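First up is the structure itself, then whatever we jot down about it.
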Amino acid sequence: MNSTIAQLKERFEQALVAAFGDELAGTDPILVPASNPKFGDYQSNVAMSLTKRLGKPPRAIAEAIVQNLEVSDLCEPPTIAGPGFINLNLKLTYLEQQLRQMQADARLGIPPLKQPKRTIVDFSSPNIAKEMHVGHLRSTIIGDSIARILEFLGHDVLRINHLGDWGTQFGMLITHLKQAYPDALTTANALALGDLTTFYKQAKQRFDEDEQFREQSRLEVVALQAGNQESLRAWHLLCEQSFLAFQEIYDLLDICITNRGESFYNPLLPAVVEDLEAAGLLVEDQGAKCVFLDGFTNKEGNPLPLIIQKSDGGYNYATTDLAALRYRIQQDHAERIIYVTDAGQANHFMQVWQVARRANWIPDSVELVHVPFGVVQGEDGKKFKTRSGDTVRLKDLLDEAVSRARTDLETRLQEEGRQESEEFKSHVAEVVGISAVKYADLSQNRTSNYIFSYDKMLSLQGNTAPYLLYAYVRIQGISRKGGIDLSQFATDCPIVLQEETELALAKHLLSFDEVLSAIEEDLMPNRLCQYLFELSQKFNQFYDRCPVLQAEEPQRTSRLVLSHLTARTLKQGLALLGIAVLERM
Ligand code: ARG
């Protein structure tokens, strides 16, 4: 099945050539879903855009296009409005036939891409020995969803965790480890450092206060870089401990990711310096090796240097990113590299990419994208903190969401006089709690800040995960009530669209592919949330207006199929957001 909009675009391109000759071949027909159903389903503004080029009034251009436009199999006769908008209304027979195809296809009418791209999604990427914070939570949730969507479309996706597992901070961590846990390195048993955040804070405090400790830490960095066995073992222990804590979060969130931290690129750093040197980009500035950046200036208005190698020989976050970038292109053969981090790192990536481009490391076929996101705020609009002012531990945050979902559920069960097993309750609470957190994050335009509110995200009303989950449950309820296996209507079932709500639902179902294509371009998962929210609303409107089980044939079957398609689309769409559905809740 070819997406409707893609087919219409093709027809427009043919009409443009037929009407105005070959020089218009490849002209973008500027075809968009109509902003208001009053104007039909799709609208093209191409006539207005061609007035100058063709030296004709837009209305005349529109008329010539329409005369040559062959869309009678898809649409009612096109109409022209205002100065020259061309409006299209999909035909009922076409919609019905499309729905039948969607119903018969396990991928809901979305064929996998013919030209998949080798894509890297660099996301989550917390730092060893520091607790994952809400920023990493956003990166994890958004990056995972982007990866899921691109995978579903057929791209070949590598999910990379660019862990902060290397750098000078290990000097103080290892020194503290050796002094505070002297047995750690000699006993075979995994050591339990307990809360790593506390450990980090202790090390940091000693580093800030104790001159001798600072010196020991500095030497420890040198030892680690030189490959000293004991130092490496200590480093390894610290990493392992952190992974365990991160993995706990990934398990809760159902995240798959490959760990490939900064340390991985450590052996490649000297070559970065050599090659930049050879490219004539490196300048010595106060003992450090730098590249002076175009378009970036410091406070005094002078060109800003990007430090590649510090005067003490150490490397920076940016150096590692340069090495990673090159590795991903040369070894991973990535064609699209997507970095999911907070908006604050936008300049960092601009700078790294500029240097890589000037060094000629980025072929034209490779696309680099930063996917920035805003800050998570508390209900007071300030940075999200616990009541005592500490950063919120992700584990606590997720546990709290689940426990609140549990309380809500118990209240509802009591109100409805329902008895459910412990297993049911804990499963529902976990799914609802975790999906509420994910959905609240994903449904925002990621570039803006958003306010974290348990009450809002767990509400059964509004654009929330529970609302969508409930729409799905409602549909499962129809099949339970009617004793009908909805999947029996696999192929060739009657589809009849009569009521307005039915038609609106059908059209919305058929635009699923358009949403996914848009996200493939701009990597905005909130589009999918909005789509699924509207799908649930349209289903609820349909279900309120149109009897399903009580309807006569062929409406009855047609409406069951429509309901089933809605459920399948909800399930698939939610899966792309990393959210599982519930059969009952
Ligand atoms: N570890 C970094 C942080 O916590 C994020 C890494 C993002 N990825 C990258 N390739 N720089 O801010």
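Scheme for the structure tokens: letters A, B, ... for chains in order shown; per-chain residue numbers from 1; ligand numbers from 1 in order shown.
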
For this session: Would you list, as an MDAnalysis selection string, the residues of segment 393-561 of chain A that end up in helix (DSSP H, G or I) under DSSP run on this structure's backbone?
Result: chainID A and resid 394:416 422:442 454:458 465:482 486:488 500:510 512:522 526:545 555:561

For this session: Write out as a PyMOL selection string which residues come within 10 Å of Ser487 of chain A when counting only C-alpha atoms, dropping same-chain ones fewer than 4 positions away.
Result: chain A and resi 103+479+491+560-561+564-565+568

Give me the chain A side of the contact with ligand 1, cut-off 9 Å, one line per residue showing its nearest atom pair and distance in Å at one decimal, counting only C-alpha atoms and all ligand atoms, sorted by chain and residue number, as JSON lines.
```
{"residue": "A:Asp122", "atom": "CA", "partner": "ligand 1", "partner_atom_place_in_ligand_line": "8 (N)", "distance": 5.9}
{"residue": "A:Phe123", "atom": "CA", "partner": "ligand 1", "partner_atom_place_in_ligand_line": "7 (C)", "distance": 6.5}
{"residue": "A:Ser124", "atom": "CA", "partner": "ligand 1", "partner_atom_place_in_ligand_line": "5 (C)", "distance": 7.2}
{"residue": "A:Ser125", "atom": "CA", "partner": "ligand 1", "partner_atom_place_in_ligand_line": "1 (N)", "distance": 4.8}
{"residue": "A:Pro126", "atom": "CA", "partner": "ligand 1", "partner_atom_place_in_ligand_line": "4 (O)", "distance": 4.8}
{"residue": "A:Asn127", "atom": "CA", "partner": "ligand 1", "partner_atom_place_in_ligand_line": "1 (N)", "distance": 5.2}
{"residue": "A:Ile128", "atom": "CA", "partner": "ligand 1", "partner_atom_place_in_ligand_line": "1 (N)", "distance": 8.7}
{"residue": "A:Met132", "atom": "CA", "partner": "ligand 1", "partner_atom_place_in_ligand_line": "4 (O)", "distance": 8.3}
{"residue": "A:His133", "atom": "CA", "partner": "ligand 1", "partner_atom_place_in_ligand_line": "4 (O)", "distance": 8.8}
{"residue": "A:Gly135", "atom": "CA", "partner": "ligand 1", "partner_atom_place_in_ligand_line": "4 (O)", "distance": 8.1}
{"residue": "A:His136", "atom": "CA", "partner": "ligand 1", "partner_atom_place_in_ligand_line": "4 (O)", "distance": 6.9}
{"residue": "A:Ser139", "atom": "CA", "partner": "ligand 1", "partner_atom_place_in_ligand_line": "5 (C)", "distance": 8.9}
{"residue": "A:Ile160", "atom": "CA", "partner": "ligand 1", "partner_atom_place_in_ligand_line": "10 (N)", "distance": 8.9}
{"residue": "A:Asn161", "atom": "CA", "partner": "ligand 1", "partner_atom_place_in_ligand_line": "8 (N)", "distance": 7.8}
{"residue": "A:His162", "atom": "CA", "partner": "ligand 1", "partner_atom_place_in_ligand_line": "8 (N)", "distance": 5.3}
{"residue": "A:Leu163", "atom": "CA", "partner": "ligand 1", "partner_atom_place_in_ligand_line": "1 (N)", "distance": 5.5}
{"residue": "A:Gly164", "atom": "CA", "partner": "ligand 1", "partner_atom_place_in_ligand_line": "1 (N)", "distance": 4.6}
{"residue": "A:Asp165", "atom": "CA", "partner": "ligand 1", "partner_atom_place_in_ligand_line": "1 (N)", "distance": 8.4}
{"residue": "A:Gly261", "atom": "CA", "partner": "ligand 1", "partner_atom_place_in_ligand_line": "1 (N)", "distance": 8.6}
{"residue": "A:Glu262", "atom": "CA", "partner": "ligand 1", "partner_atom_place_in_ligand_line": "10 (N)", "distance": 8.3}
{"residue": "A:Tyr317", "atom": "CA", "partner": "ligand 1", "partner_atom_place_in_ligand_line": "11 (N)", "distance": 7.2}
{"residue": "A:Ala318", "atom": "CA", "partner": "ligand 1", "partner_atom_place_in_ligand_line": "11 (N)", "distance": 7.7}
{"residue": "A:Thr320", "atom": "CA", "partner": "ligand 1", "partner_atom_place_in_ligand_line": "10 (N)", "distance": 8.1}
{"residue": "A:Asp321", "atom": "CA", "partner": "ligand 1", "partner_atom_place_in_ligand_line": "10 (N)", "distance": 5.5}
{"residue": "A:Leu322", "atom": "CA", "partner": "ligand 1", "partner_atom_place_in_ligand_line": "10 (N)", "distance": 9.0}
{"residue": "A:Ala324", "atom": "CA", "partner": "ligand 1", "partner_atom_place_in_ligand_line": "10 (N)", "distance": 7.3}
{"residue": "A:Leu325", "atom": "CA", "partner": "ligand 1", "partner_atom_place_in_ligand_line": "10 (N)", "distance": 8.2}
{"residue": "A:Tyr339", "atom": "CA", "partner": "ligand 1", "partner_atom_place_in_ligand_line": "8 (N)", "distance": 6.1}
{"residue": "A:Val340", "atom": "CA", "partner": "ligand 1", "partner_atom_place_in_ligand_line": "7 (C)", "distance": 6.9}
{"residue": "A:Thr341", "atom": "CA", "partner": "ligand 1", "partner_atom_place_in_ligand_line": "7 (C)", "distance": 5.8}
{"residue": "A:Asp342", "atom": "CA", "partner": "ligand 1", "partner_atom_place_in_ligand_line": "12 (O)", "distance": 7.7}
{"residue": "A:Gln345", "atom": "CA", "partner": "ligand 1", "partner_atom_place_in_ligand_line": "12 (O)", "distance": 7.7}
{"residue": "A:His348", "atom": "CA", "partner": "ligand 1", "partner_atom_place_in_ligand_line": "11 (N)", "distance": 8.3}
{"residue": "A:Phe349", "atom": "CA", "partner": "ligand 1", "partner_atom_place_in_ligand_line": "11 (N)", "distance": 7.7}
```

Exercise. Can you list, as a PyMOL selection string, every protein, DNA or RNA residue that comes within 9 Å of segment 380-393 of chain A when you count only C-alpha atoms, leaving out same-chain residues fewer than 2 positions away?
Worked result: chain A and resi 131-134+375-378+395-398+450-452

For this session: Please give the complete set of residues from segment 229-379 of chain A that DSSP, run on the backbone, assigns to strand (DSSP E), formatted as a ChimeraX atom specification.
Result: /A:258-259,283-285,288-297,303-309,336-342,367-373,376-377

Restricting it to N, CA and C atoms, dump the selection as a tab-separated table (two decimals), in the first residue's frame.
```
chain	number	residue	atom	x	y	z
A	258	THR	N	23.25	-0.46	23.65
A	258	THR	CA	24.60	-1.01	23.68
A	258	THR	C	25.53	-0.04	24.38
A	259	ASN	N	26.23	-0.53	25.39
A	259	ASN	CA	27.18	0.32	26.10
A	259	ASN	C	28.44	0.49	25.27
A	283	VAL	N	46.24	24.66	16.43
A	283	VAL	CA	47.03	25.83	16.81
A	283	VAL	C	47.40	25.66	18.28
A	284	GLU	N	48.65	25.95	18.64
A	284	GLU	CA	49.04	25.91	20.06
A	284	GLU	C	48.62	27.20	20.72
A	285	ASP	N	47.90	27.06	21.81
A	285	ASP	CA	47.47	28.26	22.53
A	285	ASP	C	47.71	28.00	24.01
A	288	ALA	N	48.09	24.46	25.01
A	288	ALA	CA	47.04	23.52	24.62
A	288	ALA	C	46.93	23.49	23.10
A	289	LYS	N	46.52	22.33	22.59
A	289	LYS	CA	46.31	22.22	21.14
A	289	LYS	C	44.83	22.49	20.85
A	290	CYS	N	44.60	23.49	20.01
A	290	CYS	CA	43.21	23.92	19.79
A	290	CYS	C	42.92	24.05	18.31
A	291	VAL	N	41.61	24.08	18.03
A	291	VAL	CA	41.15	24.51	16.72
A	291	VAL	C	40.37	25.79	16.96
A	292	PHE	N	40.70	26.85	16.24
A	292	PHE	CA	39.92	28.09	16.39
A	292	PHE	C	38.69	27.99	15.51
A	293	LEU	N	37.54	28.24	16.14
A	293	LEU	CA	36.27	27.96	15.48
A	293	LEU	C	35.76	29.15	14.67
A	294	ASP	N	35.14	28.87	13.55
A	294	ASP	CA	34.46	29.92	12.79
A	294	ASP	C	33.10	30.15	13.44
A	295	GLY	N	32.75	31.41	13.57
A	295	GLY	CA	31.39	31.73	14.01
A	295	GLY	C	31.18	31.59	15.51
A	296	PHE	N	32.21	31.24	16.27
A	296	PHE	CA	32.08	31.20	17.73
A	296	PHE	C	33.11	32.16	18.33
A	297	THR	N	32.65	33.06	19.17
A	297	THR	CA	33.60	34.00	19.77
A	297	THR	C	33.45	33.98	21.28
A	303	PRO	N	37.95	34.91	18.32
A	303	PRO	CA	37.58	33.55	17.92
A	303	PRO	C	37.75	32.58	19.10
A	304	LEU	N	36.82	31.67	19.23
A	304	LEU	CA	36.83	30.75	20.37
A	304	LEU	C	37.65	29.51	20.00
A	305	PRO	N	38.56	29.08	20.89
A	305	PRO	CA	39.28	27.85	20.59
A	305	PRO	C	38.51	26.64	21.13
A	306	LEU	N	38.55	25.55	20.38
A	306	LEU	CA	38.06	24.28	20.92
A	306	LEU	C	39.31	23.50	21.31
A	307	ILE	N	39.44	23.22	22.61
A	307	ILE	CA	40.66	22.54	23.07
A	307	ILE	C	40.58	21.06	22.73
A	308	ILE	N	41.55	20.59	21.98
A	308	ILE	CA	41.59	19.19	21.56
A	308	ILE	C	42.47	18.40	22.54
A	309	GLN	N	43.61	18.99	22.89
A	309	GLN	CA	44.47	18.36	23.88
A	309	GLN	C	44.97	19.44	24.85
A	336	ARG	N	23.37	8.23	9.24
A	336	ARG	CA	22.65	9.27	9.98
A	336	ARG	C	23.01	9.07	11.45
A	337	ILE	N	23.53	10.10	12.07
A	337	ILE	CA	23.90	10.00	13.48
A	337	ILE	C	23.08	10.99	14.28
A	338	ILE	N	22.34	10.46	15.24
A	338	ILE	CA	21.39	11.27	15.99
A	338	ILE	C	21.85	11.33	17.45
A	339	TYR	N	22.05	12.53	17.97
A	339	TYR	CA	22.49	12.70	19.35
A	339	TYR	C	21.33	13.26	20.16
A	340	VAL	N	20.93	12.54	21.18
A	340	VAL	CA	19.81	12.99	22.00
A	340	VAL	C	20.33	13.52	23.33
A	341	THR	N	20.45	14.81	23.46
A	341	THR	CA	20.91	15.41	24.73
A	341	THR	C	20.12	16.68	25.01
A	342	ASP	N	20.30	17.22	26.21
A	342	ASP	CA	19.65	18.48	26.56
A	342	ASP	C	20.12	19.59	25.62
A	367	GLU	N	24.41	12.36	7.53
A	367	GLU	CA	23.65	13.43	8.17
A	367	GLU	C	23.88	13.39	9.68
A	368	LEU	N	24.23	14.52	10.25
A	368	LEU	CA	24.42	14.61	11.70
A	368	LEU	C	23.27	15.43	12.28
A	369	VAL	N	22.62	14.89	13.29
A	369	VAL	CA	21.49	15.60	13.86
A	369	VAL	C	21.58	15.66	15.38
A	370	HIS	N	21.39	16.83	15.92
A	370	HIS	CA	21.25	16.95	17.37
A	370	HIS	C	19.76	17.01	17.68
A	371	VAL	N	19.32	16.17	18.59
A	371	VAL	CA	17.92	16.18	19.03
A	371	VAL	C	17.91	16.78	20.44
A	372	PRO	N	17.71	18.08	20.53
A	372	PRO	CA	17.79	18.72	21.84
A	372	PRO	C	16.46	18.63	22.58
A	373	PHE	N	16.53	18.68	23.89
A	373	PHE	CA	15.29	18.74	24.66
A	373	PHE	C	15.44	19.71	25.82
A	376	VAL	N	13.36	19.51	32.74
A	376	VAL	CA	12.21	19.04	33.51
A	376	VAL	C	12.06	19.95	34.73
A	377	GLN	N	10.89	20.50	34.91
A	377	GLN	CA	10.66	21.41	36.02
A	377	GLN	C	9.68	20.82	37.03
```

For this session: Name all residues at most 9 Å from Leu535 of chain A (count only C-alpha atoms; drop same-chain ones fewer than 5 positions away) and give them as a ChimeraX atom specification.
Result: /A:468,505,508-509,530,540,566,569-570

Those residues you just picked out, can you put them in a file as a PDB file, in the first residue's frame with N, CA, C and O atoms?
```
ATOM      1  N   LEU A 468      -5.154   6.882  26.854  1.00  0.00           N
ATOM      2  CA  LEU A 468      -4.955   6.049  25.668  1.00  0.00           C
ATOM      3  C   LEU A 468      -5.091   4.569  26.015  1.00  0.00           C
ATOM      4  O   LEU A 468      -5.701   3.796  25.280  1.00  0.00           O
ATOM      5  N   LEU A 505     -13.008   8.737  11.942  1.00  0.00           N
ATOM      6  CA  LEU A 505     -12.117   7.723  12.517  1.00  0.00           C
ATOM      7  C   LEU A 505     -11.343   7.015  11.410  1.00  0.00           C
ATOM      8  O   LEU A 505     -10.131   6.823  11.500  1.00  0.00           O
ATOM      9  N   HIS A 508      -8.627   9.152   9.960  1.00  0.00           N
ATOM     10  CA  HIS A 508      -7.520   9.299  10.895  1.00  0.00           C
ATOM     11  C   HIS A 508      -6.661   8.026  10.914  1.00  0.00           C
ATOM     12  O   HIS A 508      -5.438   8.095  10.902  1.00  0.00           O
ATOM     13  N   LEU A 509      -7.310   6.882  10.917  1.00  0.00           N
ATOM     14  CA  LEU A 509      -6.568   5.617  10.889  1.00  0.00           C
ATOM     15  C   LEU A 509      -5.629   5.570   9.693  1.00  0.00           C
ATOM     16  O   LEU A 509      -4.479   5.150   9.800  1.00  0.00           O
ATOM     17  N   GLN A 530       0.234  12.952  19.797  1.00  0.00           N
ATOM     18  CA  GLN A 530      -0.928  13.728  19.371  1.00  0.00           C
ATOM     19  C   GLN A 530      -1.821  12.875  18.470  1.00  0.00           C
ATOM     20  O   GLN A 530      -3.040  12.871  18.614  1.00  0.00           O
ATOM     21  N   ASN A 540     -13.607   7.254  20.640  1.00  0.00           N
ATOM     22  CA  ASN A 540     -14.630   7.443  21.671  1.00  0.00           C
ATOM     23  C   ASN A 540     -15.865   8.138  21.106  1.00  0.00           C
ATOM     24  O   ASN A 540     -16.996   7.779  21.451  1.00  0.00           O
ATOM     25  N   THR A 566      -8.507   0.256  15.112  1.00  0.00           N
ATOM     26  CA  THR A 566      -8.135   1.294  16.085  1.00  0.00           C
ATOM     27  C   THR A 566      -7.262   0.681  17.173  1.00  0.00           C
ATOM     28  O   THR A 566      -6.211   1.230  17.534  1.00  0.00           O
ATOM     29  N   THR A 569      -3.815  -0.118  15.840  1.00  0.00           N
ATOM     30  CA  THR A 569      -3.011   1.085  15.619  1.00  0.00           C
ATOM     31  C   THR A 569      -2.557   1.674  16.951  1.00  0.00           C
ATOM     32  O   THR A 569      -1.416   2.110  17.096  1.00  0.00           O
ATOM     33  N   LEU A 570      -3.464   1.640  17.937  1.00  0.00           N
ATOM     34  CA  LEU A 570      -3.079   2.126  19.276  1.00  0.00           C
ATOM     35  C   LEU A 570      -1.939   1.291  19.839  1.00  0.00           C
ATOM     36  O   LEU A 570      -0.962   1.817  20.366  1.00  0.00           O
TER      37      LEU A 570
END
```

If we count only C-alpha atoms and set the cut-off at 9 Å, which residues sit around Arg326 of chain A, ignoring sequence neighbours fewer than 3 positions away in its own chain? Please answer as a short mmCIF file (atom, residue, chain, number, x, y, z; two decimals) with all heavy atoms, in the first residue's frame.
```cif
data_model
loop_
_atom_site.label_atom_id
_atom_site.label_comp_id
_atom_site.auth_asym_id
_atom_site.auth_seq_id
_atom_site.Cartn_x
_atom_site.Cartn_y
_atom_site.Cartn_z
N VAL A 272 43.39 11.39 16.57
CA VAL A 272 42.57 12.58 16.31
C VAL A 272 43.48 13.80 16.26
O VAL A 272 43.42 14.62 15.33
CB VAL A 272 41.47 12.75 17.39
CG1 VAL A 272 40.82 14.12 17.31
CG2 VAL A 272 40.43 11.64 17.28
N ASP A 321 34.33 12.99 21.40
CA ASP A 321 33.24 13.02 20.44
C ASP A 321 33.76 13.05 19.00
O ASP A 321 33.12 12.50 18.10
CB ASP A 321 32.29 14.20 20.70
CG ASP A 321 31.03 13.73 21.42
OD1 ASP A 321 30.52 12.65 21.06
OD2 ASP A 321 30.56 14.44 22.33
N LEU A 322 34.90 13.68 18.80
CA LEU A 322 35.50 13.67 17.46
C LEU A 322 35.91 12.24 17.08
O LEU A 322 35.63 11.78 15.98
CB LEU A 322 36.73 14.59 17.43
CG LEU A 322 36.42 16.07 17.26
CD1 LEU A 322 37.65 16.91 17.58
CD2 LEU A 322 35.92 16.36 15.85
N ALA A 323 36.55 11.56 18.02
CA ALA A 323 36.96 10.18 17.75
C ALA A 323 35.75 9.29 17.51
O ALA A 323 35.73 8.46 16.59
CB ALA A 323 37.78 9.64 18.92
N ILE A 329 31.45 6.71 11.51
CA ILE A 329 31.37 6.82 10.05
C ILE A 329 32.22 5.72 9.40
O ILE A 329 31.77 5.01 8.52
CB ILE A 329 31.81 8.21 9.58
CG1 ILE A 329 30.78 9.25 10.05
CG2 ILE A 329 31.96 8.25 8.06
CD1 ILE A 329 31.19 10.67 9.81
N GLN A 330 33.43 5.57 9.89
CA GLN A 330 34.35 4.64 9.23
C GLN A 330 34.09 3.18 9.57
O GLN A 330 34.15 2.33 8.70
CB GLN A 330 35.80 5.00 9.58
CG GLN A 330 36.22 6.31 8.93
CD GLN A 330 37.64 6.70 9.29
OE1 GLN A 330 38.28 6.05 10.12
NE2 GLN A 330 38.14 7.75 8.66
N GLN A 331 33.84 2.90 10.84
CA GLN A 331 33.67 1.49 11.25
C GLN A 331 32.22 1.06 11.25
O GLN A 331 31.91 -0.06 10.88
CB GLN A 331 34.28 1.25 12.64
CG GLN A 331 35.71 1.73 12.79
CD GLN A 331 36.65 1.05 11.82
OE1 GLN A 331 36.57 -0.15 11.60
NE2 GLN A 331 37.56 1.82 11.22
N ALA A 356 35.16 18.48 12.57
CA ALA A 356 35.17 17.25 11.77
C ALA A 356 34.96 17.57 10.29
O ALA A 356 35.58 16.96 9.42
CB ALA A 356 34.09 16.30 12.27
N TRP A 361 36.17 14.88 7.42
CA TRP A 361 35.84 13.54 7.93
C TRP A 361 34.39 13.14 7.62
O TRP A 361 34.01 12.00 7.83
CB TRP A 361 36.03 13.47 9.46
CG TRP A 361 37.46 13.59 9.88
CD1 TRP A 361 38.58 13.61 9.09
CD2 TRP A 361 37.94 13.71 11.23
NE1 TRP A 361 39.71 13.74 9.84
CE2 TRP A 361 39.35 13.81 11.17
CE3 TRP A 361 37.31 13.74 12.47
CZ2 TRP A 361 40.14 13.92 12.31
CZ3 TRP A 361 38.08 13.86 13.61
CH2 TRP A 361 39.49 13.95 13.53
N ILE A 362 33.58 14.12 7.22
CA ILE A 362 32.15 13.83 7.07
C ILE A 362 31.77 13.83 5.60
O ILE A 362 31.65 14.89 4.98
CB ILE A 362 31.29 14.90 7.79
CG1 ILE A 362 31.87 15.29 9.14
CG2 ILE A 362 29.84 14.43 7.94
CD1 ILE A 362 31.78 14.24 10.21
#
```

For this session: Fewer than 5 positions away in the same chain doesn't count, so skip those; otherwise give me all residues within 9 Å of Gln97 of chain A, counting only C-alpha atoms, as a list of chain:residue names.
Result: A:Leu92, A:Met102, A:Ile495

Could you write those residues out with C-alpha atoms, as a compact mmCIF listing (two decimals), in the first residue's frame?
```
# COMPACT_ATOMS: atom_id res chain seq x y z
CA LEU A 92 -15.63 6.79 0.04
CA MET A 102 -4.79 -1.98 6.25
CA ILE A 495 -16.37 -1.85 5.19
```

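Between atom CA of Ala436 of chain A and atom CA of Ser453 of chain A there is a distance of 10.2 Å.
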